[in-house]
>>> print(open('run08.cif').read())   # mmCIF, C-alpha atoms
data_upload
#
loop_
_atom_site.group_PDB
_atom_site.id
_atom_site.type_symbol
_atom_site.label_atom_id
_atom_site.label_comp_id
_atom_site.auth_asym_id
_atom_site.auth_seq_id
_atom_site.Cartn_x
_atom_site.Cartn_y
_atom_site.Cartn_z
ATOM 1 C CA MET H 1 6.701 -178.441 72.123
ATOM 2 C CA THR H 2 3.800 -179.651 74.272
ATOM 3 C CA GLY H 3 2.483 -176.114 74.521
ATOM 4 C CA VAL H 4 2.419 -175.758 70.732
ATOM 5 C CA VAL H 5 0.579 -179.065 70.341
ATOM 6 C CA ALA H 6 -1.944 -178.037 72.996
ATOM 7 C CA GLU H 7 -2.499 -174.706 71.225
ATOM 8 C CA VAL H 8 -3.026 -176.419 67.859
ATOM 9 C CA ILE H 9 -5.487 -178.887 69.401
ATOM 10 C CA ALA H 10 -7.347 -176.024 71.109
ATOM 11 C CA LEU H 11 -7.522 -174.151 67.799
ATOM 12 C CA VAL H 12 -8.862 -177.237 65.960
ATOM 13 C CA VAL H 13 -11.437 -177.961 68.678
ATOM 14 C CA GLY H 14 -12.519 -174.308 68.693
ATOM 15 C CA LEU H 15 -12.951 -174.338 64.911
ATOM 16 C CA ASP H 16 -14.835 -177.646 65.133
ATOM 17 C CA HIS H 17 -17.312 -176.179 67.617
ATOM 18 C CA LEU H 18 -17.723 -172.968 65.611
ATOM 19 C CA VAL H 19 -18.606 -174.975 62.468
ATOM 20 C CA VAL H 20 -21.113 -177.056 64.461
ATOM 21 C CA GLU H 21 -22.776 -173.898 65.839
ATOM 22 C CA VAL H 22 -23.097 -172.399 62.349
ATOM 23 C CA LEU H 23 -24.491 -175.587 60.823
ATOM 24 C CA VAL H 24 -26.986 -176.164 63.640
ATOM 25 C CA SER H 25 -28.194 -172.567 63.238
ATOM 26 C CA ILE H 26 -28.899 -172.996 59.502
ATOM 27 C CA ARG H 27 -30.595 -176.396 59.641
ATOM 28 C CA HIS H 28 -33.889 -176.578 57.803
ATOM 29 C CA PRO H 29 -36.197 -179.626 57.557
ATOM 30 C CA ALA H 30 -36.024 -179.754 53.739
ATOM 31 C CA ILE H 31 -32.214 -179.536 53.682
ATOM 32 C CA THR H 32 -31.993 -182.117 56.466
ATOM 33 C CA LYS H 33 -34.133 -184.522 54.444
ATOM 34 C CA ILE H 34 -31.884 -184.060 51.397
ATOM 35 C CA MET H 35 -28.706 -184.427 53.461
ATOM 36 C CA ASN H 36 -30.034 -187.623 55.047
ATOM 37 C CA SER H 37 -30.482 -189.067 51.550
ATOM 38 C CA VAL H 38 -27.088 -187.832 50.349
ATOM 39 C CA THR H 39 -25.259 -189.229 53.359
ATOM 40 C CA GLY H 40 -26.543 -192.733 52.571
ATOM 41 C CA LEU H 41 -24.557 -192.651 49.339
ATOM 42 C CA GLY H 42 -21.401 -192.721 51.460
ATOM 43 C CA SER H 43 -22.342 -195.854 53.388
ATOM 44 C CA ALA H 44 -20.477 -199.158 53.320
ATOM 45 C CA THR H 45 -23.461 -200.706 51.531
ATOM 46 C CA ALA H 46 -23.309 -198.092 48.771
ATOM 47 C CA ALA H 47 -19.543 -198.637 48.464
ATOM 48 C CA ALA H 48 -20.070 -202.389 48.059
ATOM 49 C CA VAL H 49 -22.610 -201.767 45.301
ATOM 50 C CA VAL H 50 -20.232 -199.406 43.463
ATOM 51 C CA VAL H 51 -17.349 -201.882 43.697
ATOM 52 C CA GLY H 52 -19.673 -204.613 42.418
ATOM 53 C CA LEU H 53 -20.639 -202.410 39.468
ATOM 54 C CA PHE H 54 -16.963 -201.772 38.713
ATOM 55 C CA TYR H 55 -16.395 -205.514 38.620
ATOM 56 C CA LEU H 56 -19.459 -206.221 36.460
ATOM 57 C CA ALA H 57 -18.305 -203.536 34.020
ATOM 58 C CA ASP H 58 -14.917 -205.299 33.738
ATOM 59 C CA TRP H 59 -13.168 -202.275 35.224
ATOM 60 C CA TYR H 60 -10.556 -204.402 36.968
ATOM 61 C CA GLU H 61 -8.091 -201.661 37.906
ATOM 62 C CA GLU H 62 -10.841 -199.633 39.543
ATOM 63 C CA THR H 63 -12.210 -202.762 41.251
ATOM 64 C CA ALA H 64 -8.826 -203.782 42.663
ATOM 65 C CA THR H 65 -7.961 -200.259 43.767
ATOM 66 C CA ALA H 66 -11.347 -199.773 45.423
ATOM 67 C CA LEU H 67 -11.255 -203.142 47.209
ATOM 68 C CA LEU H 68 -7.802 -202.605 48.655
ATOM 69 C CA ALA H 69 -8.142 -198.894 49.419
ATOM 70 C CA LEU H 70 -11.545 -199.346 51.075
ATOM 71 C CA SER H 71 -10.157 -202.248 53.118
ATOM 72 C CA ILE H 72 -7.243 -200.138 54.326
ATOM 73 C CA THR H 73 -9.599 -197.244 55.022
ATOM 74 C CA GLY H 74 -12.014 -199.452 56.946
ATOM 75 C CA VAL H 75 -9.304 -200.848 59.189
ATOM 76 C CA VAL H 76 -7.698 -197.469 59.886
ATOM 77 C CA VAL H 77 -11.038 -195.741 60.563
ATOM 78 C CA ALA H 78 -12.234 -198.545 62.870
ATOM 79 C CA MET H 79 -8.956 -198.558 64.809
ATOM 80 C CA LEU H 80 -8.999 -194.788 65.264
ATOM 81 C CA MET H 81 -12.652 -194.811 66.356
ATOM 82 C CA VAL H 82 -11.833 -197.362 69.033
ATOM 83 C CA LEU H 83 -8.642 -195.617 70.144
ATOM 84 C CA VAL H 84 -9.896 -192.019 70.169
ATOM 85 C CA GLN H 85 -13.584 -192.540 71.067
ATOM 86 C CA ARG H 86 -14.499 -188.944 70.341
ATOM 87 C CA PRO H 87 -18.166 -188.253 71.093
ATOM 88 C CA PHE H 88 -20.476 -186.972 68.385
ATOM 89 C CA PRO H 89 -21.073 -183.235 68.096
ATOM 90 C CA PRO H 90 -24.014 -181.833 70.058
ATOM 91 C CA GLU H 91 -27.464 -182.067 68.467
ATOM 92 C CA PRO H 92 -26.792 -184.749 65.847
ATOM 93 C CA VAL H 93 -29.614 -185.377 63.376
ATOM 94 C CA CYS H 94 -28.421 -188.705 62.013
ATOM 95 C CA VAL H 95 -26.487 -191.156 64.195
ATOM 96 C CA THR H 96 -26.320 -194.896 63.620
ATOM 97 C CA ARG H 97 -27.515 -196.737 66.696
ATOM 98 C CA GLY H 98 -28.133 -200.345 67.534
ATOM 99 C CA SER H 99 -25.248 -201.866 65.595
ATOM 100 C CA GLU H 100 -22.693 -204.218 67.116
ATOM 101 C CA MET H 101 -19.931 -201.649 66.707
ATOM 102 C CA VAL H 102 -20.360 -198.428 68.625
ATOM 103 C CA ALA H 103 -19.432 -195.652 66.249
ATOM 104 C CA HIS H 104 -17.659 -192.515 67.324
ATOM 105 C CA SER H 105 -17.128 -189.189 65.643
ATOM 106 C CA PHE H 106 -13.406 -189.450 64.823
ATOM 107 C CA PRO H 107 -12.626 -190.014 61.982
ATOM 108 C CA SER H 108 -15.333 -189.907 59.320
ATOM 109 C CA GLY H 109 -15.577 -193.251 57.548
ATOM 110 C CA HIS H 110 -18.018 -191.792 55.018
ATOM 111 C CA ALA H 111 -15.531 -189.052 54.089
ATOM 112 C CA ALA H 112 -12.714 -191.594 53.837
ATOM 113 C CA GLY H 113 -14.726 -193.934 51.620
ATOM 114 C CA VAL H 114 -16.012 -191.311 49.212
ATOM 115 C CA THR H 115 -12.523 -189.844 48.926
ATOM 116 C CA VAL H 116 -11.355 -193.265 47.755
ATOM 117 C CA PHE H 117 -13.902 -193.142 44.935
ATOM 118 C CA ALA H 118 -13.063 -189.520 44.058
ATOM 119 C CA PHE H 119 -9.357 -190.356 43.772
ATOM 120 C CA ILE H 120 -10.069 -193.491 41.749
ATOM 121 C CA ALA H 121 -12.229 -191.445 39.364
ATOM 122 C CA ALA H 122 -9.499 -188.807 39.065
ATOM 123 C CA GLY H 123 -7.030 -191.485 37.938
ATOM 124 C CA SER H 124 -9.443 -193.374 35.699
ATOM 125 C CA GLU H 125 -10.029 -192.951 32.001
ATOM 126 C CA ARG H 126 -13.538 -194.421 32.412
ATOM 127 C CA LEU H 127 -15.017 -192.539 35.354
ATOM 128 C CA PRO H 128 -16.108 -188.891 35.450
ATOM 129 C CA ALA H 129 -13.771 -187.186 37.909
ATOM 130 C CA ALA H 130 -15.578 -183.859 38.427
ATOM 131 C CA PRO H 131 -19.067 -185.246 39.216
ATOM 132 C CA THR H 132 -17.522 -187.881 41.483
ATOM 133 C CA ALA H 133 -15.544 -185.228 43.363
ATOM 134 C CA VAL H 134 -18.648 -183.028 43.729
ATOM 135 C CA LEU H 135 -20.677 -185.972 45.056
ATOM 136 C CA ALA H 136 -17.865 -186.917 47.455
ATOM 137 C CA ALA H 137 -17.703 -183.332 48.739
ATOM 138 C CA LEU H 138 -21.478 -183.220 49.166
ATOM 139 C CA ILE H 139 -21.446 -186.473 51.148
ATOM 140 C CA ALA H 140 -18.623 -185.185 53.366
ATOM 141 C CA VAL H 141 -20.520 -181.934 53.978
ATOM 142 C CA SER H 142 -23.675 -183.931 54.773
ATOM 143 C CA ARG H 143 -21.813 -185.582 57.653
ATOM 144 C CA LEU H 144 -21.020 -182.158 59.097
ATOM 145 C CA TYR H 145 -24.517 -180.790 58.489
ATOM 146 C CA LEU H 146 -26.179 -183.800 60.130
ATOM 147 C CA GLY H 147 -23.970 -183.481 63.206
ATOM 148 C CA THR H 148 -22.296 -186.871 62.940
ATOM 149 C CA HIS H 149 -18.798 -185.422 62.583
ATOM 150 C CA TYR H 150 -16.763 -182.375 63.380
ATOM 151 C CA LEU H 151 -14.818 -180.623 60.625
ATOM 152 C CA SER H 152 -11.542 -182.170 61.806
ATOM 153 C CA ASP H 153 -13.105 -185.676 61.770
ATOM 154 C CA THR H 154 -14.113 -185.148 58.162
ATOM 155 C CA LEU H 155 -10.762 -183.704 57.090
ATOM 156 C CA VAL H 156 -8.884 -186.590 58.699
ATOM 157 C CA GLY H 157 -11.268 -189.027 56.963
ATOM 158 C CA ILE H 158 -10.490 -187.375 53.633
ATOM 159 C CA GLY H 159 -6.778 -187.711 54.372
ATOM 160 C CA ILE H 160 -7.151 -191.397 55.235
ATOM 161 C CA GLY H 161 -9.048 -192.088 52.006
ATOM 162 C CA ALA H 162 -6.481 -190.218 49.911
ATOM 163 C CA ALA H 163 -3.558 -191.972 51.576
ATOM 164 C CA ALA H 164 -5.207 -195.370 51.116
ATOM 165 C CA VAL H 165 -5.571 -194.779 47.366
ATOM 166 C CA VAL H 166 -1.946 -193.608 47.061
ATOM 167 C CA VAL H 167 -0.648 -196.659 48.949
ATOM 168 C CA THR H 168 -2.919 -199.028 47.022
ATOM 169 C CA THR H 169 -2.013 -197.561 43.637
ATOM 170 C CA ARG H 170 1.698 -197.829 44.379
ATOM 171 C CA TRP H 171 1.329 -201.395 45.606
ATOM 172 C CA LEU H 172 -0.741 -202.463 42.585
ATOM 173 C CA THR H 173 1.696 -200.759 40.208
ATOM 174 C CA ASP H 174 4.742 -202.399 41.815
ATOM 175 C CA SER H 175 3.168 -205.784 42.470
ATOM 176 C CA GLN H 176 4.350 -208.760 40.423
ATOM 177 C CA HIS H 177 1.228 -210.680 41.434
ATOM 178 C CA SER H 178 -1.320 -208.095 40.489
ATOM 179 C CA ILE H 179 -4.848 -208.420 41.757
ATOM 180 C CA VAL H 180 -5.938 -206.825 38.503
ATOM 181 C CA THR H 181 -4.549 -209.807 36.577
ATOM 182 C CA TYR H 182 -6.273 -212.147 38.981
ATOM 183 C CA LEU H 183 -9.622 -210.405 38.460
ATOM 184 C CA GLN H 184 -9.203 -210.394 34.687
ATOM 185 C CA ASN H 185 -8.568 -214.138 34.613
ATOM 186 C CA ARG H 186 -11.618 -215.090 36.685
#
>>> encode(input="run08.cif", output="structure tokens")
Amino acid sequence: MTGVVAEVIALVVGLDHLVVEVLVSIRHPAITKIMNSVTGLGSATAAAVVVGLFYLADWYEETATALLALSITGVVVAMLMVLVQRPFPPEPVCVTRGSEMVAHSFPSGHAAGVTVFAFIAAGSERLPAAPTAVLAALIAVSRLYLGTHYLSDTLVGIGIGAAAVVVTTRWLTDSQHSIVTYLQNR
């Protein structure tokens, strides 16, 4: 069993490094500038603004789902970054430095966060699912292009975001003391 796990890990790491090599070889200053702008849309600050807009628009289900799912995502991503401490890929273009928390490559918090919004849009009657999914994919790809994450970091981030929305949606649906009701009555 250990041999199979080691082989799978070696395959994932090999694929990660191959993707990095390809992306580094196709970098262009104009694309890098665009990707730097796109990646900012996946930041925690941007997420807070979007959640605030949901609330101001009286979209209480989306607000509650986003708040809880992003909270779960934030905790899981932070814990995994501390536990795994995977270094960034070689030749990163955009790495956050100087903050209190030292970020690591695994998993991608940007990918997790934007996946939350893509899943919320997919389940919402108010939000456009396709453009949200395209933007989420573009932000996730920007993290790879800029060298802040490996492919596996990004895929795990997407999985964390998706799982957080599923758990949150189930909890909000089953909850007798719904946060949605609380938000509506404020």
>>> resolve_selection(input="run08.cif", expression="the PyMOL selection byres ((chain H and resi 90) around 9)", output="ChimeraX atom specification")
/H:20,87-89,91-92,147-148
>>> residues_near_point(input="run08.cif", point="(-14.4, -194.3, 38.9)", cutoff="12 Å", atoms="only C-alpha atoms", output="PyMOL selection string")
chain H and resi 47+50-51+53-55+57+59-66+114-133+136
>>> closest_residue(input="run08.cif", among="H:Leu138, H:Val156, H:Val167, H:Leu15", to="Ile34 (chain H)", atoms="all atoms listed in the file")
H:Leu138
>>> atom_distance(input="run08.cif", atom1="CA of Ala163 (chain H)", atom2="CA of Asn185 (chain H)")
28.4 Å
>>> resolve_selection(input="run08.cif", expression="the PyMOL selection byres ((chain H and resi 9-13) around 12)", output="number ranges by chain")
H: 2-8, 14-20, 86, 89, 150-153, 155-156
>>> atom_distance(input="run08.cif", atom1="CA of Ser43 (chain H)", atom2="CA of Thr168 (chain H)")
20.7 Å
>>> closest_residue(input="run08.cif", among="H:Val49, H:Ala30, H:Ala111, H:Ala162", to="Ala137 (chain H)", atoms="only C-alpha atoms")
H:Ala111
>>> closest_residue(input="run08.cif", among="H:Val76, H:Ala164, H:Leu23, H:Val82", to="His149 (chain H)", atoms="only C-alpha atoms")
H:Leu23
>>> residues_around(input="run08.cif", residues="His110 (chain H)", least_positions_apart="5", cutoff="8 Å", atoms="only C-alpha atoms", output="NGL selection string")
:H and (39 or 42-44 or 139-140 or 143 or 157)
>>> atom_distance(input="run08.cif", atom1="CA of Val93 (chain H)", atom2="CA of Ile72 (chain H)")
28.3 Å
>>> closest_residue(input="run08.cif", among="H:Arg27, H:Gly113, H:Leu135, H:Val22", to="Leu68 (chain H)", atoms="all atoms listed in the file")
H:Gly113
